[in-house]
file data11.cif (mmCIF, C-alpha atoms)
data_start
loop_
_atom_site.label_atom_id
_atom_site.label_comp_id
_atom_site.auth_asym_id
_atom_site.auth_seq_id
_atom_site.Cartn_x
_atom_site.Cartn_y
_atom_site.Cartn_z
CA MET A 139 82.81 78.17 93.73
CA ALA A 140 79.90 75.75 93.59
CA PRO A 141 76.75 76.97 95.36
CA GLU A 142 76.78 74.13 97.88
CA VAL A 143 80.34 75.02 98.88
CA SER A 144 79.54 78.71 99.47
CA GLU A 145 76.40 77.71 101.38
CA GLY A 146 78.50 75.68 103.80
CA VAL A 147 76.52 72.46 103.48
CA VAL A 148 77.87 68.93 103.13
CA TYR A 149 78.89 68.46 99.51
CA SER A 150 80.46 66.04 97.07
CA GLY A 151 83.94 67.06 95.98
CA HIS A 152 83.36 65.43 92.60
CA CYS A 153 80.19 67.43 91.93
CA ALA A 154 81.81 70.67 93.11
CA ASP A 155 84.80 70.08 90.82
CA ILE A 156 82.49 69.51 87.86
CA PHE A 157 80.87 72.87 88.58
CA SER A 158 84.27 74.59 88.78
CA ALA A 159 85.34 72.98 85.52
CA GLY A 160 82.23 74.46 83.91
CA VAL A 161 83.14 77.94 85.13
CA ILE A 162 86.70 77.61 83.82
CA LEU A 163 85.50 76.30 80.46
CA PHE A 164 83.10 79.22 80.11
CA ILE A 165 85.90 81.71 80.90
CA VAL A 166 88.28 80.10 78.39
CA LEU A 167 85.76 80.51 75.58
CA SER A 168 84.11 83.77 76.65
CA LYS A 169 87.11 85.61 78.18
CA HIS A 170 84.94 86.56 81.15
CA PRO A 171 83.18 84.65 83.97
CA PRO A 172 79.57 83.48 83.61
CA PHE A 173 78.54 85.12 86.91
CA TYR A 174 79.98 86.65 90.06
CA LYS A 175 78.71 84.20 92.65
CA ALA A 176 76.57 81.10 92.27
CA ASN A 177 73.52 82.07 94.30
CA SER A 178 70.04 83.50 93.81
CA SER A 179 71.27 87.06 94.45
CA ASP A 180 73.62 87.02 91.49
CA GLN A 181 72.06 88.75 88.48
CA TYR A 182 73.40 86.10 86.10
CA TYR A 183 73.29 82.86 88.06
CA LYS A 184 69.72 83.47 89.18
CA LEU A 185 68.76 83.16 85.51
CA ILE A 186 70.14 79.62 85.49
CA MET A 187 68.37 78.83 88.76
CA GLY A 188 65.11 80.28 87.45
CA ASN A 189 65.21 78.38 84.14
CA ARG A 190 65.81 81.61 82.19
CA GLU A 191 68.67 80.17 80.18
CA ASP A 192 67.48 82.06 77.10
CA LEU A 193 68.05 85.41 78.83
CA PHE A 194 71.36 84.19 80.30
CA TRP A 195 72.73 83.46 76.84
CA LYS A 196 71.21 86.59 75.33
CA ILE A 197 73.11 88.73 77.83
CA HIS A 198 76.41 86.90 77.37
CA SER A 199 76.09 86.93 73.57
CA LYS A 200 76.10 90.73 73.41
CA GLY A 201 79.14 92.02 71.56
CA LYS A 202 79.98 88.58 70.19
CA PRO A 203 79.57 87.27 66.62
CA LYS A 204 76.28 85.59 65.79
CA GLY A 205 76.38 81.93 66.74
CA TYR A 206 79.42 82.40 68.99
CA TYR A 207 77.97 79.90 71.45
CA SER A 208 76.86 76.71 69.76
CA LYS A 209 73.72 74.91 70.84
CA SER A 210 75.72 71.95 72.14
CA PHE A 211 78.05 74.24 74.13
CA LYS A 212 75.13 76.03 75.77
CA GLU A 213 73.57 72.73 76.75
CA PHE A 214 76.89 71.39 78.02
CA ILE A 215 77.72 74.44 80.16
CA LEU A 216 74.28 74.61 81.75
CA TRP A 217 74.58 70.94 82.62
CA LEU A 218 77.91 71.55 84.37
CA LEU A 219 76.61 74.64 86.18
CA ALA A 220 73.37 73.11 87.46
CA TYR A 221 72.39 74.32 90.92
CA ASN A 222 71.53 70.82 92.11
CA PRO A 223 74.80 68.85 92.38
CA MET A 224 73.01 65.60 91.55
CA GLU A 225 71.91 67.03 88.20
CA ARG A 226 75.48 67.61 87.03
CA PRO A 227 77.09 65.06 84.71
CA SER A 228 79.56 62.36 85.62
CA LEU A 229 82.94 62.16 83.89
CA ALA A 230 81.62 59.39 81.67
CA GLU A 231 78.65 61.54 80.64
CA ILE A 232 80.96 64.48 79.95
CA LYS A 233 83.16 62.38 77.68
CA ALA A 234 80.12 61.14 75.80
CA HIS A 235 78.64 64.60 75.20
CA GLU A 236 78.41 65.98 71.67
CA TRP A 237 80.35 69.17 72.43
CA TYR A 238 83.17 67.27 74.16
CA ASN A 239 83.62 65.15 71.06
CA GLY A 240 83.40 68.07 68.64
CA PRO A 241 86.19 69.57 66.51
CA MET A 242 89.42 70.55 68.28
CA PRO A 243 91.83 73.35 67.33
CA THR A 244 95.38 72.41 66.46
CA PRO A 245 98.26 73.33 68.82
CA GLU A 246 99.28 76.01 66.31
CA GLU A 247 95.79 77.53 66.30
CA ILE A 248 95.75 77.59 70.11
CA LYS A 249 99.14 79.31 70.21
CA ASP A 250 98.05 81.90 67.64
CA GLU A 251 94.89 82.65 69.62
CA PHE A 252 96.77 83.23 72.87
CA ASP A 253 99.45 85.27 71.11
CA GLN A 254 96.70 87.55 69.83
CA ARG A 255 95.15 87.84 73.29
CA LYS A 256 98.56 88.66 74.79
CA ALA A 257 99.18 91.35 72.18
CA ILE A 258 95.82 92.96 72.96
CA LEU A 259 96.54 92.98 76.71
CA LEU A 260 100.00 94.45 76.20
CA GLN A 261 98.53 97.20 74.04
CA GLU A 262 95.81 97.98 76.59
CA ASN A 263 98.25 98.05 79.52
CA TYR A 264 101.08 99.92 77.78
CA GLN A 265 102.28 103.01 79.59
CA PRO A 266 105.22 105.10 78.36
CA ASP A 267 108.17 105.46 80.71
CA SER A 268 107.94 108.52 82.93
CA GLN A 269 110.61 111.18 82.68
CA THR A 270 113.52 110.80 85.09
CA PRO A 271 114.13 114.02 87.06
CA SER A 272 117.19 115.91 85.91
CA GLY A 273 119.39 118.35 87.80
CA THR A 274 121.56 118.35 90.91
CA PRO A 275 119.74 118.64 94.23
CA ASP A 276 121.37 120.08 97.32
CA PRO A 277 123.31 117.15 98.90
CA LEU A 278 122.63 118.62 102.34
CA ILE A 279 119.01 117.62 101.85
CA TYR A 280 119.53 113.96 101.09
CA GLY A 281 123.23 113.04 100.86
CA ALA A 282 125.53 110.98 103.06
CA GLY A 283 129.01 112.32 103.74
CA THR A 284 130.66 115.57 104.83
CA PHE A 285 129.41 118.76 103.17
CA ARG A 286 129.96 122.48 103.55
CA SER A 287 126.81 124.48 104.13
CA LEU A 288 126.07 127.90 102.69
CA GLU A 289 127.25 129.39 105.97
CA GLY A 290 130.63 127.68 105.57
CA ASP A 291 130.13 125.09 108.31
CA GLU A 292 130.95 121.44 107.73
CA VAL A 293 127.96 119.15 108.03
CA LYS A 294 128.46 115.41 108.39
CA ILE A 295 125.61 113.12 107.43
CA GLU A 296 125.84 109.37 107.88
CA ARG A 297 122.89 107.21 106.97
CA GLU A 298 122.40 103.53 107.66
CA ILE A 299 120.26 101.15 105.65
CA ALA A 300 117.63 99.60 107.90
CA GLN A 301 117.19 95.83 108.01
CA TYR A 302 114.64 94.62 105.49
CA VAL A 303 111.43 93.35 107.09
CA PRO A 304 108.59 92.29 104.75
CA GLU A 305 105.41 94.21 105.59
CA PHE A 306 103.21 93.49 102.61
CA LYS A 307 100.01 94.50 104.35
CA ARG A 308 101.23 97.99 105.15
CA TYR A 309 103.52 99.07 102.34
CA THR A 310 103.97 98.96 98.59
CA GLN A 311 107.43 97.53 97.92
CA PHE A 312 109.79 97.51 94.97
CA PHE A 313 113.34 96.30 94.52
CA SER A 314 116.18 98.09 92.77
CA THR A 315 119.91 97.60 92.12
CA TYR A 316 120.52 101.36 92.34
CA ASP A 317 122.69 102.81 95.07
CA PRO A 318 120.59 104.40 97.86
CA GLU A 319 122.20 107.78 97.16
CA GLN A 320 121.06 107.63 93.54
CA LEU A 321 117.52 106.85 94.61
CA PHE A 322 117.49 109.64 97.17
CA SER A 323 118.96 112.08 94.65
CA ALA A 324 116.02 111.41 92.32
CA LEU A 325 113.62 111.74 95.26
CA ALA A 326 115.17 115.06 96.25
CA LEU A 327 114.66 116.42 92.74
CA TYR A 328 111.05 115.31 92.81
CA ALA A 329 110.62 116.77 96.30
CA GLU A 330 111.63 120.22 95.06
CA LYS A 331 108.32 120.36 93.19
CA CYS A 332 106.28 119.16 96.16
CA LYS A 333 104.62 121.06 98.96
CA GLU A 334 106.83 119.65 101.70
CA ALA A 335 109.59 117.05 102.11
CA LYS A 336 111.67 115.74 105.00
CA PHE A 337 114.79 113.57 104.64
CA ASP A 338 115.99 111.70 107.71
CA GLN A 339 119.71 112.20 108.43
CA ASN A 340 120.13 108.88 110.23
CA CYS A 341 118.60 106.44 107.75
CA TYR A 342 117.35 106.34 104.18
CA SER A 343 113.86 107.50 104.98
CA ALA A 344 111.86 110.40 103.60
CA SER A 345 108.41 111.89 103.88
CA ILE A 346 107.11 113.74 100.82
CA LYS A 347 103.85 115.67 100.72
CA SER A 348 102.63 116.64 97.26
CA SER A 349 99.41 118.18 98.58
CA GLU A 350 97.43 118.51 101.78
CA GLU A 351 95.79 115.15 101.13
CA ASN A 352 98.69 113.16 99.69
CA GLU A 353 101.70 112.27 101.81
CA VAL A 354 104.09 109.42 101.02
CA GLU A 355 106.52 107.73 103.38
CA ILE A 356 109.58 106.25 101.63
CA ARG A 357 112.17 103.99 103.23
CA VAL A 358 115.16 102.19 101.71
CA ASN A 359 115.99 98.84 103.32
#
call {"tool": "encode", "arguments": {"input": "data11.cif", "output": "structure tokens"}}
result
Amino acid sequence: MAPEVSEGVVYSGHCADIFSAGVILFIVLSKHPPFYKANSSDQYYKLIMGNREDLFWKIHSKGKPKGYYSKSFKEFILWLLAYNPMERPSLAEIKAHEWYNGPMPTPEEIKDEFDQRKAILLQENYQPDSQTPSGTPDPLIYGAGTFRSLEGDEVKIEREIAQYVPEFKRYTQFFSTYDPEQLFSALALYAEKCKEAKFDQNCYSASIKSSEENEVEIRVN
């Protein structure tokens, strides 16, 4: 967001868009933003405001190959990210700039670059599948139907699926094609290892406490 926008003053949409384009361009090349917020309190943007561009680029060049940022790119980005909107370039000036008219990668090179980035992200975010609980839990705990208890009495449990109401601010939601009984069977097996668990006999709802601090409410809609 351009500084004049965050400051709440009257601003030119054109100038603000030029600033935003500069931020996006920096991210595309650097794989990280140039700063957190464009104001004098930001540890990076204040270097641009204070004419300490040398330190700005020194910080952002850490961990990158020597010469990663070309002289023309540095000049171009600082022009786009100028604090004063009137000091930013026009579209005509952008198109005439040396960096803008420099060498361009081929579509194949662009695809290869993003394929490599995707592979790195997938590797970093990979998590092996967790083990599915095995065994047969007591159906009297979670099941729906007519069962015979240990005392020999018949116990009838009928559960209804509640109407689905999106409540994104309050709950974490996931969707599954599994039958509710299958889900509750897995929950019951997990609950056997927990400190405390309660399964509602009227609807597919359960409360599982794994410790004194951690309690989870689960509901199937």
call {"tool": "resolve_selection", "arguments": {"input": "data11.cif", "expression": "the PyMOL selection byres ((chain A and resi 320) around 12)", "output": "list of chain:residue names"}}
result
A:Thr270, A:Pro271, A:Ser272, A:Thr274, A:Pro275, A:Pro277, A:Tyr280, A:Gly281, A:Ala282, A:Ser314, A:Thr315, A:Tyr316, A:Asp317, A:Pro318, A:Glu319, A:Leu321, A:Phe322, A:Ser323, A:Ala324, A:Leu325, A:Ala326, A:Leu327, A:Tyr342, A:Val358
call {"tool": "axis_aligned_box", "arguments": {"input": "data11.cif", "around": "segment 151-163 of chain A", "padding_each_side": "5 Å", "output": "AutoDock Vina command-line options"}}
result
--center_x 83.4 --center_y 71.7 --center_z 88.2 --size_x 16.5 --size_y 22.5 --size_z 25.5
call {"tool": "atom_distance", "arguments": {"input": "data11.cif", "atom1": "atom CA of Ile295 of chain A", "atom2": "atom CA of Ser345 of chain A"}}
result
17.6 Å
call {"tool": "atom_distance", "arguments": {"input": "data11.cif", "atom1": "atom CA of Pro227 of chain A", "atom2": "atom CA of Cys153 of chain A"}}
result
8.2 Å
call {"tool": "closest_residue", "arguments": {"input": "data11.cif", "among": "A:Met139, A:Leu259, A:Glu355, A:Phe194", "to": "Gln311 of chain A", "atoms": "all atoms listed in the file"}}
result
A:Glu355
call {"tool": "resolve_selection", "arguments": {"input": "data11.cif", "expression": "the PyMOL selection byres ((chain A and resi 175-191) around 9)", "output": "MDAnalysis selection string"}}
result
chainID A and resid 139:142 144:145 172:174 192:197 212 216 219:221
call {"tool": "resolve_selection", "arguments": {"input": "data11.cif", "expression": "the PyMOL selection byres ((chain A and resi 330-341) around 7)", "output": "PyMOL selection string"}}
result
chain A and resi 279-280+295-300+326-329+342-349
call {"tool": "closest_residue", "arguments": {"input": "data11.cif", "among": "A:Arg226, A:Arg286, A:Lys169, A:Lys204", "to": "Ala154 of chain A", "atoms": "all atoms listed in the file"}}
result
A:Arg226
call {"tool": "atom_distance", "arguments": {"input": "data11.cif", "atom1": "atom CA of Pro223 of chain A", "atom2": "atom CA of Tyr149 of chain A"}}
result
8.2 Å
